[in-house]
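Written out below as structure tokens is the structure these notes cover.
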Amino acid sequence: RAARVASSLNHPNICSLYDVDEAYGHACSAMELMEGQTLKHRLEVQSLAIDTLLDLSIQIADALDAAYSKGIVHRDIKPANIFITKRGQVKILDFGLAKLAPGWTDAAGDTAITALPHATHAGVVMGTAGYMSPEQARGATVDFRSDQFSLGTVLYEMLTGKRPFQRASSAQTMAAIIEDEPPSIVELPGGDPQLWHILERGLKKEREQRWQSMREVGEALAAWLCERGVEEDICAASLRTTWENAGRLEVAAHDPEIEERRSATASPPGGHT
């Protein structure tokens, strides 16, 4: 099923599946040849520069936005399912837990998509404990905002080297995901209030309070990079050209909550903070 779903998605940041077959009683698939390593392995050996990890996050957001345009929720976004090629291109792997968003119908009639379940049985927990959303941990229905929470958890780990809700056991970790707030990154060396606002919003317990599309997440992160002089992504494409949408890139960069935080941390006239 994972292979059929992945093959229905044509996006540069989603691993391409070319064929699915069976040989000697075993399922097999033909996929694109990729050289590189998973984000999990990358983080085990080195920390990432801020512009690099945000570029990766923007690529992930774009891929998940494309998946959700077909109603597909991945449900298992984590470093082990994110591949980074040698040239820095993200490839999302493993759609084995993917499902259709509630109420979604595929107008094109793609059988690989329409064959997906619309929901897990109530109370059944699906996903990886350290990266699942609160609604996943409760066994509730999920939509793209669940993947957004998981992406936020991955971004937090890239920034800090720690998972925000990791505890001694899976049960304690899931309880923390449901009940505890993530520690702020602002107190860490180089912690940025504006970046924390973007990340914190994606980690809200109530999905209605999160970003309302993956596109918005990508725009907010691209705006943050552009404000700091990073004008191109890993493919040398203009971040502004790619992500600016009717002025929303500028809006994301000047969110009222961000401006309030900036004012609170600004140096007083003639002095220093």
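In the structure tokens, chains take the letters A, B, ... in the order shown, each chain's residues start at 1, and ligands count up from 1 in the order shown.
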Test item: residues at most 10 Å from Lys205 (chain A), only C-alpha atoms, excluding those fewer than 6 positions along its chain, as a PyMOL selection string: chain A and resi 133-135+149+177-181
Residues flagged alpha helix (DSSP H) by DSSP in region 49-257 of chain A, as a ChimeraX atom specification: /A:50-68,111-114,134-137,144-160,170-179,193-202,214-227,239-243,248-253,256-257
Polymer residues at most 10 Å from Ala175 (chain A), only C-alpha atoms, same-chain spacing of 4 or more positions, as a ChimeraX atom specification: /A:129,134,137-138,165,167,169-171,179-180
Residue selection dump (N, CA, C and O atoms) as a PDB file, in the first residue's frame:
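Output (selection-v7.pdb):
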```
ATOM      1  N   ALA A 129       6.084   7.211  18.775  1.00  0.00           N
ATOM      2  CA  ALA A 129       5.775   7.920  20.015  1.00  0.00           C
ATOM      3  C   ALA A 129       6.415   9.304  20.126  1.00  0.00           C
ATOM      4  O   ALA A 129       5.746  10.274  20.469  1.00  0.00           O
ATOM      5  N   PRO A 134      -0.684  15.312  19.396  1.00  0.00           N
ATOM      6  CA  PRO A 134      -1.589  14.995  20.508  1.00  0.00           C
ATOM      7  C   PRO A 134      -2.804  14.192  20.060  1.00  0.00           C
ATOM      8  O   PRO A 134      -3.228  13.263  20.765  1.00  0.00           O
ATOM      9  N   ALA A 137      -1.751  10.650  19.603  1.00  0.00           N
ATOM     10  CA  ALA A 137      -1.524  10.003  20.895  1.00  0.00           C
ATOM     11  C   ALA A 137      -2.838   9.632  21.575  1.00  0.00           C
ATOM     12  O   ALA A 137      -2.899   8.653  22.335  1.00  0.00           O
ATOM     13  N   ARG A 138      -3.900  10.390  21.287  1.00  0.00           N
ATOM     14  CA  ARG A 138      -5.213  10.091  21.871  1.00  0.00           C
ATOM     15  C   ARG A 138      -5.997   9.089  21.037  1.00  0.00           C
ATOM     16  O   ARG A 138      -7.084   8.655  21.436  1.00  0.00           O
ATOM     17  N   PHE A 165       9.395  16.344  23.657  1.00  0.00           N
ATOM     18  CA  PHE A 165       8.522  15.644  24.602  1.00  0.00           C
ATOM     19  C   PHE A 165       9.076  14.282  25.029  1.00  0.00           C
ATOM     20  O   PHE A 165       8.355  13.472  25.601  1.00  0.00           O
ATOM     21  N   ARG A 167      10.486  11.323  26.975  1.00  0.00           N
ATOM     22  CA  ARG A 167      10.494  10.920  28.369  1.00  0.00           C
ATOM     23  C   ARG A 167      11.069   9.506  28.476  1.00  0.00           C
ATOM     24  O   ARG A 167      11.489   8.926  27.487  1.00  0.00           O
ATOM     25  N   SER A 169       9.726   6.552  28.960  1.00  0.00           N
ATOM     26  CA  SER A 169       9.000   5.467  28.298  1.00  0.00           C
ATOM     27  C   SER A 169       8.086   6.035  27.229  1.00  0.00           C
ATOM     28  O   SER A 169       7.790   7.239  27.212  1.00  0.00           O
ATOM     29  N   SER A 170       7.600   5.154  26.348  1.00  0.00           N
ATOM     30  CA  SER A 170       6.683   5.595  25.297  1.00  0.00           C
ATOM     31  C   SER A 170       5.399   6.147  25.900  1.00  0.00           C
ATOM     32  O   SER A 170       4.862   7.159  25.416  1.00  0.00           O
ATOM     33  N   ALA A 171       4.899   5.514  26.945  1.00  0.00           N
ATOM     34  CA  ALA A 171       3.663   5.973  27.585  1.00  0.00           C
ATOM     35  C   ALA A 171       3.848   7.372  28.176  1.00  0.00           C
ATOM     36  O   ALA A 171       2.986   8.243  28.034  1.00  0.00           O
ATOM     37  N   GLU A 179      -0.044  16.656  27.239  1.00  0.00           N
ATOM     38  CA  GLU A 179      -0.229  17.552  28.378  1.00  0.00           C
ATOM     39  C   GLU A 179       0.828  18.649  28.527  1.00  0.00           C
ATOM     40  O   GLU A 179       0.515  19.747  28.995  1.00  0.00           O
ATOM     41  N   ASP A 180       2.079  18.386  28.173  1.00  0.00           N
ATOM     42  CA  ASP A 180       3.168  19.308  28.495  1.00  0.00           C
ATOM     43  C   ASP A 180       3.457  20.280  27.347  1.00  0.00           C
ATOM     44  O   ASP A 180       3.280  19.944  26.171  1.00  0.00           O
TER      45      ASP A 180
END
```
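Between Ala61 (chain A) and the residues A:Asp147, A:Glu22, A:Glu232, A:Glu157, the shortest atom-to-atom distance, using only C-alpha atoms, involves A:Asp147.
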Distance query Thr85 (chain A) at most 12 Å, only C-alpha atoms, self and fewer than 6 positions along chain excluded, as a PyMOL selection string: chain A and resi 12-15+32-39+42+56+91-92+234
Backbone DSSP call of strand (DSSP E) for region 14-218 of chain A, listed as a PyMOL selection string: chain A and resi 17-23+26-31+36-38+72-73+82-85+90-92+99-100
Nearby residues (only C-alpha atoms) at most 10 Å from Leu239 (chain A), same-chain spacing under 2 positions excluded, as a PyMOL selection string: chain A and resi 55+58+218-219+221-223+225-226+230-234+236-237+241-244+249
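Pairwise distance (CA of His11 (chain A), CA of Ala98 (chain A)) equals 16.3 Å.
The shortest atom-to-atom distance to Ser47 (chain A), with only C-alpha atoms taken into account, belongs to A:Gly161 out of A:Pro193, A:Gly229, A:Gly161, A:Pro79.
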Residue among A:Ser29, A:Gln136, A:Pro182, A:Arg87 lying closest to Pro164 (chain A), counting only C-alpha atoms: A:Pro182
Selection near Met31 (chain A), 6 Å with only C-alpha atoms, sequence-local residues under 2 positions removed, as number ranges by chain: A: 16-18
Write the residues of the preceding selection, restricted to all heavy atoms, as a PDB file, in the first residue's frame.
```pdb
ATOM      1  N   SER A  16      10.423   8.736  -5.397  1.00  0.00           N
ATOM      2  CA  SER A  16       9.653   8.224  -6.530  1.00  0.00           C
ATOM      3  C   SER A  16       9.651   6.700  -6.549  1.00  0.00           C
ATOM      4  O   SER A  16      10.695   6.059  -6.415  1.00  0.00           O
ATOM      5  CB  SER A  16      10.233   8.736  -7.855  1.00  0.00           C
ATOM      6  OG  SER A  16      10.113  10.141  -7.938  1.00  0.00           O
ATOM      7  N   LEU A  17       8.456   6.120  -6.700  1.00  0.00           N
ATOM      8  CA  LEU A  17       8.295   4.680  -6.868  1.00  0.00           C
ATOM      9  C   LEU A  17       7.921   4.413  -8.317  1.00  0.00           C
ATOM     10  O   LEU A  17       6.972   5.007  -8.841  1.00  0.00           O
ATOM     11  CB  LEU A  17       7.196   4.152  -5.944  1.00  0.00           C
ATOM     12  CG  LEU A  17       7.595   3.650  -4.549  1.00  0.00           C
ATOM     13  CD1 LEU A  17       8.392   2.375  -4.631  1.00  0.00           C
ATOM     14  CD2 LEU A  17       8.329   4.719  -3.771  1.00  0.00           C
ATOM     15  N   TYR A  18       8.659   3.523  -8.977  1.00  0.00           N
ATOM     16  CA  TYR A  18       8.437   3.277 -10.394  1.00  0.00           C
ATOM     17  C   TYR A  18       7.594   2.035 -10.670  1.00  0.00           C
ATOM     18  O   TYR A  18       6.895   1.959 -11.679  1.00  0.00           O
ATOM     19  CB  TYR A  18       9.780   3.155 -11.119  1.00  0.00           C
ATOM     20  CG  TYR A  18      10.642   4.390 -10.997  1.00  0.00           C
ATOM     21  CD1 TYR A  18      11.920   4.316 -10.470  1.00  0.00           C
ATOM     22  CD2 TYR A  18      10.157   5.631 -11.385  1.00  0.00           C
ATOM     23  CE1 TYR A  18      12.716   5.451 -10.346  1.00  0.00           C
ATOM     24  CE2 TYR A  18      10.937   6.770 -11.269  1.00  0.00           C
ATOM     25  CZ  TYR A  18      12.217   6.671 -10.746  1.00  0.00           C
ATOM     26  OH  TYR A  18      12.989   7.804 -10.614  1.00  0.00           O
TER      27      TYR A  18
END
```
For CA of Gln194 (chain A) and CA of Gln212 (chain A), the interatomic separation in Å (one decimal): 18.2 Å
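Closest approach to Leu100 (chain A) from the set A:Gly25, A:Gly152, A:Gly130, A:Gly71 is made by A:Gly71, with distances taken over only C-alpha atoms.
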Of the listed residues A:Leu203, A:Val217, A:Leu159, A:Cys28, that which approaches Ser146 (chain A) most closely, counting only C-alpha atoms: A:Leu203
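The space between CA of Leu195 (chain A) and CA of Trp211 (chain A) spans 13.9 Å.
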